[in-house]
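What follows is the content of target_11.cif, which has mmCIF, C-alpha atoms and all ligand atoms:
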data_input
#
loop_
_atom_site.group_PDB
_atom_site.id
_atom_site.type_symbol
_atom_site.label_atom_id
_atom_site.label_comp_id
_atom_site.auth_asym_id
_atom_site.auth_seq_id
_atom_site.Cartn_x
_atom_site.Cartn_y
_atom_site.Cartn_z
ATOM 1 C CA MET Q 1 -3.135 -3.634 -5.242
ATOM 2 C CA LYS Q 2 -1.881 -0.923 -2.879
ATOM 3 C CA LEU Q 3 1.295 -0.315 -0.941
ATOM 4 C CA ILE Q 4 0.711 1.291 2.432
ATOM 5 C CA LEU Q 5 3.644 3.224 3.889
ATOM 6 C CA ALA Q 6 3.077 3.891 7.577
ATOM 7 C CA ILE Q 7 5.537 5.865 9.700
ATOM 8 C CA ILE Q 8 4.922 5.010 13.355
ATOM 9 C CA GLN Q 9 6.597 5.398 16.725
ATOM 10 C CA SER Q 10 9.064 2.580 17.257
ATOM 11 C CA ALA Q 11 7.450 1.825 20.643
ATOM 12 C CA ASP Q 12 4.246 0.865 18.804
ATOM 13 C CA GLU Q 13 5.939 -1.395 16.268
ATOM 14 C CA ALA Q 14 5.677 -4.762 18.056
ATOM 15 C CA ASP Q 15 1.945 -4.628 18.843
ATOM 16 C CA THR Q 16 1.054 -3.114 15.468
ATOM 17 C CA VAL Q 17 2.969 -5.692 13.431
ATOM 18 C CA GLN Q 18 1.697 -8.563 15.587
ATOM 19 C CA GLU Q 19 -1.895 -7.436 15.010
ATOM 20 C CA LEU Q 20 -1.385 -7.017 11.263
ATOM 21 C CA ASN Q 21 0.274 -10.440 10.975
ATOM 22 C CA ALA Q 22 -2.533 -12.018 13.013
ATOM 23 C CA HIS Q 23 -4.988 -10.705 10.413
ATOM 24 C CA GLY Q 24 -2.964 -12.167 7.557
ATOM 25 C CA PHE Q 25 -1.107 -9.066 6.381
ATOM 26 C CA PHE Q 26 2.495 -9.216 5.213
ATOM 27 C CA VAL Q 27 4.631 -6.442 6.717
ATOM 28 C CA THR Q 28 8.172 -5.181 6.182
ATOM 29 C CA LYS Q 29 9.690 -3.027 8.927
ATOM 30 C CA LEU Q 30 12.280 -0.370 8.202
ATOM 31 C CA SER Q 31 14.215 1.463 10.899
ATOM 32 C CA THR Q 32 13.874 5.104 9.909
ATOM 33 C CA THR Q 33 14.628 8.561 11.267
ATOM 34 C CA GLY Q 34 12.490 11.680 11.115
ATOM 35 C CA GLY Q 35 14.155 14.364 9.034
ATOM 36 C CA PHE Q 36 12.974 17.187 11.294
ATOM 37 C CA LEU Q 37 13.374 15.969 14.889
ATOM 38 C CA LYS Q 38 16.023 13.337 13.981
ATOM 39 C CA ALA Q 39 14.223 10.874 16.267
ATOM 40 C CA LYS Q 40 14.128 7.171 15.396
ATOM 41 C CA ASN Q 41 10.825 5.904 14.067
ATOM 42 C CA THR Q 42 9.648 2.840 12.166
ATOM 43 C CA THR Q 43 8.271 2.689 8.643
ATOM 44 C CA LEU Q 44 6.006 -0.236 7.795
ATOM 45 C CA LEU Q 45 5.527 -1.411 4.197
ATOM 46 C CA ILE Q 46 2.260 -3.298 3.752
ATOM 47 C CA GLY Q 47 1.211 -4.599 0.354
ATOM 48 C CA THR Q 48 -2.460 -5.533 0.182
ATOM 49 C CA GLU Q 49 -5.612 -5.641 -1.931
ATOM 50 C CA ASP Q 50 -7.511 -2.385 -2.440
ATOM 51 C CA GLU Q 51 -10.518 -3.506 -0.395
ATOM 52 C CA LYS Q 52 -8.350 -4.273 2.660
ATOM 53 C CA VAL Q 53 -6.719 -0.852 2.919
ATOM 54 C CA ASP Q 54 -9.344 0.602 5.270
ATOM 55 C CA GLY Q 55 -8.922 -2.354 7.650
ATOM 56 C CA VAL Q 56 -5.175 -1.808 7.763
ATOM 57 C CA ILE Q 57 -5.649 1.888 8.467
ATOM 58 C CA GLU Q 58 -8.061 1.083 11.308
ATOM 59 C CA THR Q 59 -5.461 -1.243 12.861
ATOM 60 C CA LEU Q 60 -2.783 1.437 12.479
ATOM 61 C CA ARG Q 61 -5.108 3.982 14.088
ATOM 62 C CA LYS Q 62 -5.842 1.669 17.044
ATOM 63 C CA PHE Q 63 -2.306 0.424 17.718
ATOM 64 C CA ALA Q 64 -0.129 3.330 16.544
ATOM 65 C CA GLY Q 65 -2.323 6.437 16.391
ATOM 66 C CA HIS Q 66 -2.296 9.437 18.730
ATOM 67 C CA ARG Q 67 -3.735 8.553 22.121
ATOM 68 C CA MET Q 68 -3.279 9.132 25.860
ATOM 69 C CA GLN Q 69 -1.757 6.338 27.906
ATOM 70 C CA LEU Q 70 -0.854 5.784 31.555
ATOM 71 C CA SER Q 71 2.802 6.037 32.494
ATOM 72 C CA PRO Q 72 4.456 5.595 35.925
ATOM 73 C CA VAL Q 73 5.669 8.777 37.634
ATOM 74 C CA THR Q 74 9.293 8.573 38.716
ATOM 75 C CA GLY Q 75 11.982 10.680 40.373
ATOM 76 C CA ALA Q 76 11.410 14.420 40.771
ATOM 77 C CA ASP Q 77 8.027 14.216 39.008
ATOM 78 C CA MET Q 78 6.635 12.320 42.024
ATOM 79 C CA ARG Q 79 6.545 15.581 44.058
ATOM 80 C CA ILE Q 80 4.489 17.287 41.353
ATOM 81 C CA PHE Q 81 1.954 14.482 41.053
ATOM 82 C CA SER Q 82 1.853 13.317 44.696
ATOM 83 C CA HIS Q 83 -1.408 15.255 45.312
ATOM 84 C CA THR Q 84 -3.250 12.993 42.850
ATOM 85 C CA GLY Q 85 -2.731 9.963 45.112
ATOM 86 C CA SER Q 86 -1.616 7.931 42.114
ATOM 87 C CA ASN Q 87 1.832 7.114 40.794
ATOM 88 C CA MET Q 88 0.475 6.961 37.257
ATOM 89 C CA VAL Q 89 -0.093 9.881 34.914
ATOM 90 C CA GLU Q 90 -1.655 10.155 31.450
ATOM 91 C CA VAL Q 91 0.823 11.104 28.724
ATOM 92 C CA PRO Q 92 0.419 11.530 24.948
ATOM 93 C CA ALA Q 93 1.619 8.538 22.930
ATOM 94 C CA GLY Q 94 1.748 7.287 19.369
ATOM 95 C CA GLY Q 95 1.289 9.063 16.085
ATOM 96 C CA CYS Q 96 1.092 7.622 12.595
ATOM 97 C CA VAL Q 97 1.611 9.102 9.116
ATOM 98 C CA VAL Q 98 0.145 6.966 6.318
ATOM 99 C CA PHE Q 99 0.631 7.061 2.547
ATOM 100 C CA VAL Q 100 -1.329 4.741 0.239
ATOM 101 C CA LEU Q 101 0.272 4.119 -3.185
ATOM 102 C CA ASP Q 102 -1.183 2.420 -6.272
ATOM 103 C CA ILE Q 103 0.854 -0.593 -7.335
ATOM 104 C CA ASP Q 104 0.708 -1.617 -11.014
ATOM 105 C CA LYS Q 105 2.225 -5.026 -10.520
ATOM 106 C CA ALA Q 106 3.387 -7.198 -7.640
ATOM 107 C CA GLU Q 107 5.049 -10.596 -8.010
ATOM 108 C CA LYS Q 108 6.895 -13.049 -5.805
ATOM 109 C CA PHE Q 109 9.482 -15.417 -7.243
HETATM 110 P P1 LIG Q 201 4.433 14.353 12.031
HETATM 111 O O1 LIG Q 201 3.871 15.221 10.924
HETATM 112 O O2 LIG Q 201 3.452 13.499 12.795
HETATM 113 O O3 LIG Q 201 5.505 13.396 11.344
HETATM 114 C C1 LIG Q 201 6.109 12.325 12.044
HETATM 115 C C2 LIG Q 201 7.202 11.696 11.185
HETATM 116 O O4 LIG Q 201 6.563 11.137 10.011
HETATM 117 C C3 LIG Q 201 8.233 12.682 10.652
HETATM 118 O O5 LIG Q 201 9.280 12.867 11.568
HETATM 119 C C4 LIG Q 201 8.716 11.973 9.375
HETATM 120 O O6 LIG Q 201 9.599 10.917 9.698
HETATM 121 C C5 LIG Q 201 7.423 11.354 8.854
HETATM 122 N N1 LIG Q 201 6.701 12.224 7.917
HETATM 123 C C6 LIG Q 201 5.684 13.066 8.196
HETATM 124 N N2 LIG Q 201 5.219 13.684 7.093
HETATM 125 C C7 LIG Q 201 5.972 13.230 6.079
HETATM 126 C C8 LIG Q 201 5.984 13.492 4.666
HETATM 127 N N3 LIG Q 201 5.118 14.369 4.065
HETATM 128 N N4 LIG Q 201 6.881 12.832 3.903
HETATM 129 C C9 LIG Q 201 7.754 11.956 4.461
HETATM 130 N N5 LIG Q 201 7.792 11.661 5.796
HETATM 131 C C10 LIG Q 201 6.914 12.293 6.587
HETATM 132 P P2 LIG Q 201 10.003 14.307 11.618
HETATM 133 O O7 LIG Q 201 10.382 14.738 10.240
HETATM 134 O O8 LIG Q 201 11.101 14.195 12.613
HETATM 135 O O9 LIG Q 201 8.867 15.313 12.138
HETATM 136 C C11 LIG Q 201 8.400 15.249 13.464
HETATM 137 C C12 LIG Q 201 7.309 16.267 13.689
HETATM 138 O O10 LIG Q 201 7.863 17.574 13.526
HETATM 139 C C13 LIG Q 201 6.173 16.162 12.667
HETATM 140 O O11 LIG Q 201 5.202 15.223 13.090
HETATM 141 C C14 LIG Q 201 5.663 17.580 12.644
HETATM 142 O O12 LIG Q 201 4.816 17.834 13.751
HETATM 143 C C15 LIG Q 201 6.926 18.389 12.837
HETATM 144 N N6 LIG Q 201 7.530 18.796 11.559
HETATM 145 C C16 LIG Q 201 8.151 18.008 10.642
HETATM 146 N N7 LIG Q 201 8.625 18.716 9.610
HETATM 147 C C17 LIG Q 201 8.312 20.000 9.867
HETATM 148 C C18 LIG Q 201 8.539 21.220 9.174
HETATM 149 N N8 LIG Q 201 9.173 21.256 7.989
HETATM 150 N N9 LIG Q 201 8.077 22.378 9.732
HETATM 151 C C19 LIG Q 201 7.413 22.346 10.908
HETATM 152 N N10 LIG Q 201 7.161 21.217 11.632
HETATM 153 C C20 LIG Q 201 7.613 20.065 11.115
#
For this file, write the structure as structure tokens.
Ligand code: 2BA
Amino acid sequence: MKLILAIIQSADEADTVQELNAHGFFVTKLSTTGGFLKAKNTTLLIGTEDEKVDGVIETLRKFAGHRMQLSPVTGADMRIFSHTGSNMVEVPAGGCVVFVLDIDKAEKF
């Protein structure tokens, strides 16, 4: 048995948890804050069997990992990006820090 601790961007929480639940994983969400930047983030606790850990990490990578995503350009930024002919621009998103812990015993009462 393992406990996966995953610190993700709060914006990625809904899709990530929905996907994990859809695949039968139990998830606890904690509202957390980064100690360095003091920005809100979300920590997921996922208890699962050893052989399922890689699947969880793949889901975390897909739904919460670093990636580029399209975002609408607004306000003053529109002047900068007007030459592209699009009101959408690619911006960095996501980011996930994962710890996998050995669990000696897990019970539910
Ligand atoms: P990341 O390394 O991607 O970490 C993102 C968040 O994940 C962190 O938020 C923290 O909440 C958690 N985290 C990361 N590594 C951890 C660990 N070993 N133990 C416990 N929690 C951990 P922040 O602390 O606000 O950090 C935001 C970003 O600032 C970090 O991104 C990293 O790029 C940078 N950073 C953090 N601490 C730093 C330090 N002491 N010196 C230089 N850069 C730092």
Considering all atoms listed in the file, can you say which of Q:Lys29, Q:Asp54, Q:Gln9, Q:Pro72 comes closest to ligand LIG 201 (chain Q)?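 Counting all atoms listed in the file, the residue closest to ligand LIG 201 (chain Q) is Q:Gln9.
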For the atom pair atom CA of Gly34 of chain Q and atom CA of Ile46 of chain Q, what is the interatomic distance in Å to one decimal place?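 Here the two named atoms are 19.6 Å from each other.
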Nearest to ligand LIG 201 (chain Q), restricted to all atoms listed in the file and choosing among Q:Thr42, Q:Gln69, Q:Thr74, Q:Thr59, comes out as Q:Thr42
State, in Å with one decimal place, the distance from atom N4 of ligand LIG 201 (chain Q) to atom CA of Leu30 of chain Q. 14.9 Å
Produce the centre coordinates and the three edge lengths, each in Å to one decimal, of the box along x, y and z that contains all listed atoms of segment 100-109 of chain Q with 6 Å added on each side, as AutoDock Vina command-line options.
--center_x 4.1 --center_y -5.3 --center_z -5.4 --size_x 22.8 --size_y 32.2 --size_z 23.3
Near Phe25 of chain Q, within 9 Å and counting only C-alpha atoms, which residues show up once chain neighbours fewer than 3 positions away are dropped, as a compact mmCIF listing (two decimals) with C-alpha atoms, in the frame of the given file?
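File produced: out.txt:
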# COMPACT_ATOMS: atom_id res chain seq x y z
CA VAL Q 17 2.97 -5.69 13.43
CA GLU Q 19 -1.90 -7.44 15.01
CA LEU Q 20 -1.38 -7.02 11.26
CA ASN Q 21 0.27 -10.44 10.98
CA ALA Q 22 -2.53 -12.02 13.01
CA ILE Q 46 2.26 -3.30 3.75
CA GLY Q 47 1.21 -4.60 0.35
CA THR Q 48 -2.46 -5.53 0.18
CA VAL Q 56 -5.18 -1.81 7.76
For Asp50 of chain Q: contacts at 6 Å, all atoms listed in the file, fewer than 2 positions along chain excluded, given as a compact mmCIF listing (two decimals) with C-alpha atoms, in the frame of the given file:
# COMPACT_ATOMS: atom_id res chain seq x y z
CA MET Q 1 -3.14 -3.63 -5.24
CA LYS Q 2 -1.88 -0.92 -2.88
CA LYS Q 52 -8.35 -4.27 2.66
CA VAL Q 53 -6.72 -0.85 2.92
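In terms of minimum interatomic distance to ligand LIG 201 (chain Q), Q:Val97 ranks closest within Q:Leu5, Q:Val97, Q:Leu45, Q:Val73, counting only C-alpha atoms and all ligand atoms.
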What do you get as a ChimeraX atom specification if you pick all residues at most 10 Å from ligand LIG 201 (chain Q), counting only C-alpha atoms and all ligand atoms? /Q:5-9,32-43,65-66,94-99
Residues within 9 Å of Ser71 of chain Q, please, as a list in words. Count all atoms listed in the file; anything in the same chain fewer than 5 positions from it doesn't count. Asn87, Met88, Val89, Glu90 and Val91 of chain Q
Selected residue of minimal separation from Leu44 of chain Q among Q:Lys62, Q:Glu13, Q:Arg67, Q:Ile57, counting only C-alpha atoms: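 Among the listed residues, Q:Glu13 lies closest to Leu44 of chain Q.
You will find atom CA of Glu58 of chain Q at 15.5 Å from atom CA of Val27 of chain Q.
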